[in-house]
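S.K.: Got a file for you: upload-v5.cif, mmCIF, N, CA and C atoms.
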```cif
data_data
#
loop_
_atom_site.label_atom_id
_atom_site.label_comp_id
_atom_site.auth_asym_id
_atom_site.auth_seq_id
_atom_site.Cartn_x
_atom_site.Cartn_y
_atom_site.Cartn_z
N MET A 7 49.09 5.82 -5.66
CA MET A 7 49.80 6.41 -4.56
C MET A 7 50.57 5.33 -3.79
N ILE A 8 51.35 5.74 -2.82
CA ILE A 8 52.24 4.81 -2.13
C ILE A 8 51.49 3.77 -1.31
N TRP A 9 50.31 4.09 -0.78
CA TRP A 9 49.58 3.12 0.03
C TRP A 9 48.94 2.03 -0.81
N GLU A 10 48.97 2.16 -2.14
CA GLU A 10 48.45 1.14 -3.04
C GLU A 10 49.53 0.17 -3.50
N ILE A 11 50.75 0.37 -3.06
CA ILE A 11 51.87 -0.49 -3.44
C ILE A 11 52.13 -1.46 -2.28
N TRP A 12 52.03 -2.75 -2.58
CA TRP A 12 52.11 -3.76 -1.52
C TRP A 12 53.45 -3.78 -0.82
N TRP A 13 54.54 -3.61 -1.58
CA TRP A 13 55.85 -3.73 -0.95
C TRP A 13 56.15 -2.56 -0.02
N ALA A 14 55.47 -1.44 -0.20
CA ALA A 14 55.67 -0.31 0.72
C ALA A 14 55.15 -0.68 2.11
N TRP A 15 53.99 -1.34 2.15
CA TRP A 15 53.45 -1.78 3.44
C TRP A 15 54.35 -2.84 4.06
N VAL A 16 54.81 -3.79 3.26
CA VAL A 16 55.67 -4.85 3.78
C VAL A 16 57.01 -4.27 4.26
N ALA A 17 57.55 -3.32 3.51
CA ALA A 17 58.80 -2.68 3.92
C ALA A 17 58.61 -1.92 5.23
N ALA A 18 57.47 -1.26 5.39
CA ALA A 18 57.18 -0.57 6.65
C ALA A 18 57.08 -1.58 7.79
N GLY A 19 56.46 -2.73 7.52
CA GLY A 19 56.36 -3.77 8.54
C GLY A 19 57.72 -4.30 8.94
N ILE A 20 58.59 -4.52 7.97
CA ILE A 20 59.94 -4.99 8.27
C ILE A 20 60.71 -3.94 9.06
N GLY A 21 60.55 -2.68 8.67
CA GLY A 21 61.20 -1.59 9.40
C GLY A 21 60.73 -1.51 10.85
N LEU A 22 59.44 -1.70 11.06
CA LEU A 22 58.90 -1.69 12.42
C LEU A 22 59.38 -2.90 13.21
N ALA A 23 59.53 -4.05 12.56
CA ALA A 23 60.05 -5.24 13.24
C ALA A 23 61.51 -5.03 13.64
N ILE A 24 62.28 -4.39 12.79
CA ILE A 24 63.67 -4.08 13.14
C ILE A 24 63.71 -3.10 14.30
N LEU A 25 62.82 -2.12 14.27
CA LEU A 25 62.75 -1.16 15.37
C LEU A 25 62.38 -1.85 16.68
N GLU A 26 61.56 -2.89 16.60
CA GLU A 26 61.20 -3.66 17.80
C GLU A 26 62.42 -4.36 18.39
N VAL A 27 63.31 -4.83 17.54
CA VAL A 27 64.53 -5.48 18.02
C VAL A 27 65.41 -4.46 18.75
N LEU A 28 65.44 -3.24 18.25
CA LEU A 28 66.27 -2.20 18.87
C LEU A 28 65.63 -1.64 20.14
N ALA A 29 64.31 -1.64 20.22
CA ALA A 29 63.60 -1.11 21.39
C ALA A 29 62.59 -2.16 21.85
N PRO A 30 63.03 -3.19 22.56
CA PRO A 30 62.13 -4.28 22.93
C PRO A 30 61.04 -3.83 23.88
N GLY A 31 59.98 -4.60 23.90
CA GLY A 31 58.86 -4.30 24.77
C GLY A 31 57.54 -4.57 24.09
N PHE A 32 57.58 -5.14 22.91
CA PHE A 32 56.39 -5.48 22.13
C PHE A 32 55.52 -4.26 21.85
N VAL A 33 56.17 -3.13 21.60
CA VAL A 33 55.46 -1.92 21.25
C VAL A 33 55.26 -1.85 19.74
N PHE A 34 56.29 -2.12 18.98
CA PHE A 34 56.25 -1.97 17.53
C PHE A 34 55.87 -3.24 16.80
N LEU A 35 55.92 -4.38 17.47
CA LEU A 35 55.67 -5.65 16.79
C LEU A 35 54.23 -5.76 16.31
N GLY A 36 53.28 -5.28 17.08
CA GLY A 36 51.89 -5.28 16.64
C GLY A 36 51.69 -4.43 15.40
N PHE A 37 52.34 -3.27 15.36
CA PHE A 37 52.27 -2.42 14.19
C PHE A 37 52.92 -3.08 12.98
N ALA A 38 53.99 -3.81 13.21
CA ALA A 38 54.66 -4.52 12.12
C ALA A 38 53.74 -5.58 11.53
N VAL A 39 53.05 -6.31 12.39
CA VAL A 39 52.11 -7.33 11.91
C VAL A 39 50.99 -6.68 11.11
N GLY A 40 50.46 -5.56 11.60
CA GLY A 40 49.40 -4.85 10.90
C GLY A 40 49.83 -4.38 9.52
N ALA A 41 51.04 -3.85 9.42
CA ALA A 41 51.53 -3.36 8.13
C ALA A 41 51.73 -4.51 7.14
N VAL A 42 52.26 -5.62 7.61
CA VAL A 42 52.48 -6.77 6.73
C VAL A 42 51.14 -7.34 6.26
N VAL A 43 50.16 -7.39 7.15
CA VAL A 43 48.84 -7.91 6.76
C VAL A 43 48.21 -7.02 5.69
N VAL A 44 48.29 -5.72 5.85
CA VAL A 44 47.76 -4.81 4.83
C VAL A 44 48.54 -4.98 3.52
N GLY A 45 49.84 -5.15 3.60
CA GLY A 45 50.65 -5.39 2.40
C GLY A 45 50.23 -6.66 1.68
N VAL A 46 49.95 -7.71 2.43
CA VAL A 46 49.51 -8.97 1.82
C VAL A 46 48.14 -8.79 1.17
N LEU A 47 47.24 -8.08 1.84
CA LEU A 47 45.92 -7.84 1.25
C LEU A 47 46.01 -7.05 -0.04
N VAL A 48 46.87 -6.05 -0.07
CA VAL A 48 47.06 -5.25 -1.29
C VAL A 48 47.70 -6.11 -2.38
N ALA A 49 48.65 -6.97 -1.99
CA ALA A 49 49.30 -7.85 -2.97
C ALA A 49 48.31 -8.85 -3.57
N LEU A 50 47.32 -9.25 -2.78
CA LEU A 50 46.32 -10.19 -3.28
C LEU A 50 45.28 -9.52 -4.17
N GLY A 51 45.37 -8.22 -4.33
CA GLY A 51 44.49 -7.52 -5.25
C GLY A 51 43.38 -6.73 -4.59
N LEU A 52 43.34 -6.67 -3.29
CA LEU A 52 42.33 -5.88 -2.59
C LEU A 52 42.73 -4.41 -2.67
N VAL A 53 41.96 -3.63 -3.40
CA VAL A 53 42.26 -2.21 -3.57
C VAL A 53 41.47 -1.43 -2.53
N LEU A 54 42.18 -0.77 -1.63
CA LEU A 54 41.56 -0.01 -0.55
C LEU A 54 41.95 1.46 -0.67
N ALA A 55 41.03 2.33 -0.29
CA ALA A 55 41.37 3.74 -0.17
C ALA A 55 42.28 3.90 1.05
N LEU A 56 42.93 5.03 1.13
CA LEU A 56 43.85 5.26 2.24
C LEU A 56 43.16 5.12 3.58
N ALA A 57 41.96 5.67 3.71
CA ALA A 57 41.25 5.61 4.99
C ALA A 57 40.98 4.16 5.40
N TRP A 58 40.53 3.33 4.48
CA TRP A 58 40.24 1.93 4.80
C TRP A 58 41.52 1.15 5.06
N SER A 59 42.58 1.48 4.34
CA SER A 59 43.87 0.83 4.61
C SER A 59 44.32 1.11 6.04
N LEU A 60 44.15 2.35 6.46
CA LEU A 60 44.55 2.72 7.82
C LEU A 60 43.64 2.08 8.87
N VAL A 61 42.36 1.93 8.56
CA VAL A 61 41.45 1.26 9.49
C VAL A 61 41.83 -0.21 9.64
N VAL A 62 42.10 -0.89 8.53
CA VAL A 62 42.52 -2.29 8.59
C VAL A 62 43.84 -2.40 9.34
N PHE A 63 44.77 -1.50 9.05
CA PHE A 63 46.05 -1.48 9.73
C PHE A 63 45.87 -1.31 11.24
N ALA A 64 45.01 -0.38 11.65
CA ALA A 64 44.80 -0.12 13.07
C ALA A 64 44.14 -1.30 13.77
N VAL A 65 43.13 -1.88 13.14
CA VAL A 65 42.41 -2.99 13.77
C VAL A 65 43.31 -4.22 13.90
N VAL A 66 44.03 -4.55 12.83
CA VAL A 66 44.92 -5.72 12.88
C VAL A 66 46.07 -5.47 13.86
N SER A 67 46.59 -4.26 13.89
CA SER A 67 47.67 -3.94 14.83
C SER A 67 47.21 -4.08 16.26
N LEU A 68 46.01 -3.60 16.57
CA LEU A 68 45.48 -3.71 17.92
C LEU A 68 45.26 -5.17 18.31
N MET A 69 44.68 -5.94 17.40
CA MET A 69 44.46 -7.37 17.70
C MET A 69 45.78 -8.09 17.89
N ALA A 70 46.77 -7.79 17.05
CA ALA A 70 48.09 -8.43 17.18
C ALA A 70 48.76 -8.01 18.49
N TRP A 71 48.64 -6.74 18.84
CA TRP A 71 49.26 -6.26 20.08
C TRP A 71 48.64 -6.94 21.29
N LEU A 72 47.31 -7.04 21.30
CA LEU A 72 46.63 -7.71 22.41
C LEU A 72 47.01 -9.18 22.49
N ALA A 73 47.10 -9.85 21.34
CA ALA A 73 47.50 -11.26 21.33
C ALA A 73 48.94 -11.43 21.81
N LEU A 74 49.82 -10.54 21.39
CA LEU A 74 51.22 -10.62 21.81
C LEU A 74 51.37 -10.35 23.30
N ARG A 75 50.55 -9.45 23.85
CA ARG A 75 50.60 -9.19 25.29
C ARG A 75 50.15 -10.43 26.07
N GLN A 76 49.18 -11.17 25.53
CA GLN A 76 48.74 -12.40 26.20
C GLN A 76 49.82 -13.46 26.15
N VAL A 77 50.51 -13.56 25.03
CA VAL A 77 51.52 -14.60 24.87
C VAL A 77 52.81 -14.25 25.60
N PHE A 78 53.27 -13.00 25.45
CA PHE A 78 54.57 -12.62 25.98
C PHE A 78 54.49 -11.71 27.20
N GLY A 79 53.30 -11.46 27.72
CA GLY A 79 53.15 -10.57 28.88
C GLY A 79 53.63 -11.22 30.15
N MET A 80 53.36 -10.55 31.26
CA MET A 80 53.76 -11.09 32.55
C MET A 80 52.87 -12.27 32.91
N PHE A 81 53.48 -13.26 33.50
CA PHE A 81 52.76 -14.45 33.89
C PHE A 81 52.26 -14.32 35.33
N GLU A 82 51.39 -15.20 35.72
CA GLU A 82 50.80 -15.16 37.04
C GLU A 82 51.89 -15.28 38.11
N GLY A 83 51.86 -14.39 39.06
CA GLY A 83 52.85 -14.40 40.13
C GLY A 83 54.12 -13.63 39.80
N GLN A 84 54.25 -13.16 38.59
CA GLN A 84 55.44 -12.43 38.19
C GLN A 84 55.23 -10.94 38.48
N ARG A 85 56.27 -10.28 38.97
CA ARG A 85 56.18 -8.86 39.26
C ARG A 85 57.12 -8.10 38.35
N PRO A 86 56.74 -6.89 37.97
CA PRO A 86 57.66 -6.08 37.16
C PRO A 86 58.87 -5.67 38.00
N SER A 87 60.01 -5.64 37.38
CA SER A 87 61.22 -5.26 38.10
C SER A 87 61.60 -3.84 37.72
N LEU A 88 62.11 -3.12 38.68
CA LEU A 88 62.59 -1.77 38.43
C LEU A 88 64.11 -1.82 38.45
N ARG A 89 64.70 -1.71 37.30
CA ARG A 89 66.15 -1.79 37.22
C ARG A 89 66.77 -0.49 37.65
N GLY A 90 67.83 -0.60 38.38
CA GLY A 90 68.57 0.58 38.80
C GLY A 90 68.00 1.26 40.03
N VAL A 91 67.01 0.63 40.66
CA VAL A 91 66.41 1.26 41.85
C VAL A 91 66.85 0.50 43.07
#
```
Hey, can you dump this file as C-alpha coordinates for me?
M.R.:
Amino acid sequence: MIWEIWWAWVAAGIGLAILEVLAPGFVFLGFAVGAVVVGVLVALGLVLALAWSLVVFAVVSLMAWLALRQVFGMFEGQRPSLRGV
(Lines of atoms letter the chains of each structure in order from A and count residues from 1; the text may use other names and numbers.)
(Lines give C-alpha, C1' and ligand atoms only; values in the text may rest on other atoms or scores of the structure.)
Protein backbone atom coordinates (compact mmCIF):
# COMPACT_ATOMS: atom_id res chain seq x y z
CA MET A 1 0.00 0.00 0.00
CA ILE A 2 1.00 3.65 -0.28
CA TRP A 3 2.15 4.01 3.36
CA GLU A 4 4.78 1.32 2.71
CA ILE A 5 6.46 3.39 -0.01
CA TRP A 6 9.19 5.61 1.40
CA TRP A 7 9.04 8.32 -1.24
CA ALA A 8 5.32 8.88 -0.60
CA TRP A 9 6.13 9.89 2.99
CA VAL A 10 9.03 12.08 1.86
CA ALA A 11 6.89 13.68 -0.86
CA ALA A 12 4.20 14.42 1.75
CA GLY A 13 6.88 15.97 3.97
CA ILE A 14 8.13 18.17 1.14
CA GLY A 15 4.57 19.18 0.33
CA LEU A 16 3.97 20.14 3.95
CA ALA A 17 7.22 22.11 4.02
CA ILE A 18 6.12 24.03 0.92
CA LEU A 19 2.77 24.65 2.57
CA GLU A 20 4.63 26.04 5.58
CA VAL A 21 6.36 28.57 3.33
CA LEU A 22 2.97 29.69 1.99
CA ALA A 23 1.33 29.81 5.44
CA PRO A 24 4.06 30.69 7.96
CA GLY A 25 3.65 30.13 11.65
CA PHE A 26 5.40 26.80 12.22
CA VAL A 27 2.14 24.91 11.93
CA PHE A 28 3.05 22.52 9.12
CA LEU A 29 6.80 22.27 9.66
CA GLY A 30 6.48 19.79 12.52
CA PHE A 31 4.26 17.60 10.37
CA ALA A 32 6.78 17.84 7.54
CA VAL A 33 9.57 16.65 9.84
CA GLY A 34 7.39 13.76 11.04
CA ALA A 35 6.58 12.65 7.50
CA VAL A 36 10.22 12.76 6.40
CA VAL A 37 11.32 10.78 9.47
CA VAL A 38 8.75 8.07 8.75
CA GLY A 39 9.88 8.06 5.11
CA VAL A 40 13.49 7.57 6.16
CA LEU A 41 12.53 4.74 8.52
CA VAL A 42 10.59 3.00 5.75
CA ALA A 43 13.51 3.53 3.34
CA LEU A 44 15.86 1.92 5.86
CA GLY A 45 13.72 -1.21 5.77
CA LEU A 46 11.50 -0.77 8.83
CA VAL A 47 8.16 -2.24 7.79
CA LEU A 48 5.32 -0.74 9.82
CA ALA A 49 1.59 -1.24 9.67
CA LEU A 50 -0.45 1.85 8.91
CA ALA A 51 -1.42 2.33 12.55
CA TRP A 52 2.20 2.24 13.76
CA SER A 53 3.32 4.50 10.92
CA LEU A 54 0.74 7.05 12.01
CA VAL A 55 1.77 6.72 15.66
CA VAL A 56 5.43 7.33 14.78
CA PHE A 57 4.38 10.21 12.54
CA ALA A 58 2.28 11.78 15.31
CA VAL A 59 4.92 11.39 18.03
CA VAL A 60 7.78 12.73 15.89
CA SER A 61 5.59 15.58 14.61
CA LEU A 62 4.65 16.60 18.14
CA MET A 63 8.26 16.48 19.34
CA ALA A 64 9.41 18.48 16.30
CA TRP A 65 6.64 21.03 16.77
CA LEU A 66 7.50 21.50 20.45
CA ALA A 67 11.21 21.84 19.62
CA LEU A 68 10.48 24.36 16.86
CA ARG A 69 8.29 26.41 19.21
CA GLN A 70 11.19 26.57 21.67
CA VAL A 71 13.65 27.64 18.98
CA PHE A 72 11.46 29.98 16.95
CA GLY A 73 8.80 30.98 19.50
CA MET A 74 8.46 34.29 21.25
CA PHE A 75 11.42 35.33 23.32
CA GLU A 76 11.38 36.71 26.83
CA GLY A 77 9.92 40.20 26.93
CA GLN A 78 8.46 39.91 23.45
CA ARG A 79 4.73 40.53 22.99
CA PRO A 80 2.52 39.30 20.18
CA SER A 81 1.50 42.04 17.79
CA LEU A 82 -1.97 42.49 16.41
CA ARG A 83 -1.67 43.72 12.87
CA GLY A 84 -4.34 45.98 11.55
CA VAL A 85 -5.71 46.90 14.98
S.K.: From the options A:Gly36, A:Gly45, A:Gly19, A:Gly31, which residue's atoms come nearest to Trp71 of chain A, counting only C-alpha atoms?
M.R.: A:Gly36
S.K.: Translate the PyMOL selection byres ((chain A and resi 63) around 8) into a concrete residue list for this structure, as a list in words.
M.R.: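 This file gives the following for the PyMOL selection byres ((chain A and resi 63) around 8): Gly36, Phe37, Val39, Gly40, Ala41, Val42, Val43, Val44, Ala57, Trp58, Ser59, Leu60, Val61, Val62, Ala64, Val65, Val66, Ser67, Leu68 and Met69 of chain A.
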S.K.: When you count only C-alpha atoms, which of these residues is closest to Trp12 of chain A: A:Leu72, A:Val48, A:Leu56, A:Gly79?
M.R.: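 Nearest to Trp12 of chain A: A:Val48.
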S.K.: Could you tell me how far atom CA of Ile20 of chain A lies from atom N of Ala38 of chain A, in Å and to one decimal?
M.R.: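 Here the two named atoms are 7.8 Å from each other.
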S.K.: So which one's closest to Trp9 of chain A, A:Leu54, A:Leu35, A:Val46, A:Leu25? Using only N, CA and C atoms, please.
M.R.: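 Among the listed residues, A:Leu54 lies closest to Trp9 of chain A.
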S.K.: Just list the residues in chain A DSSP gives alpha helix (DSSP H) on the backbone, as a ChimeraX atom specification.
M.R.: /A:12-28,35-49,56-78
S.K.: Please measure the separation of atom CA of Val33 of chain A and atom CA of Val77 of chain A, giving the value in Å to one decimal.
M.R.: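 Result for atom CA of Val33 of chain A versus atom CA of Val77 of chain A: 13.8 Å, one decimal.
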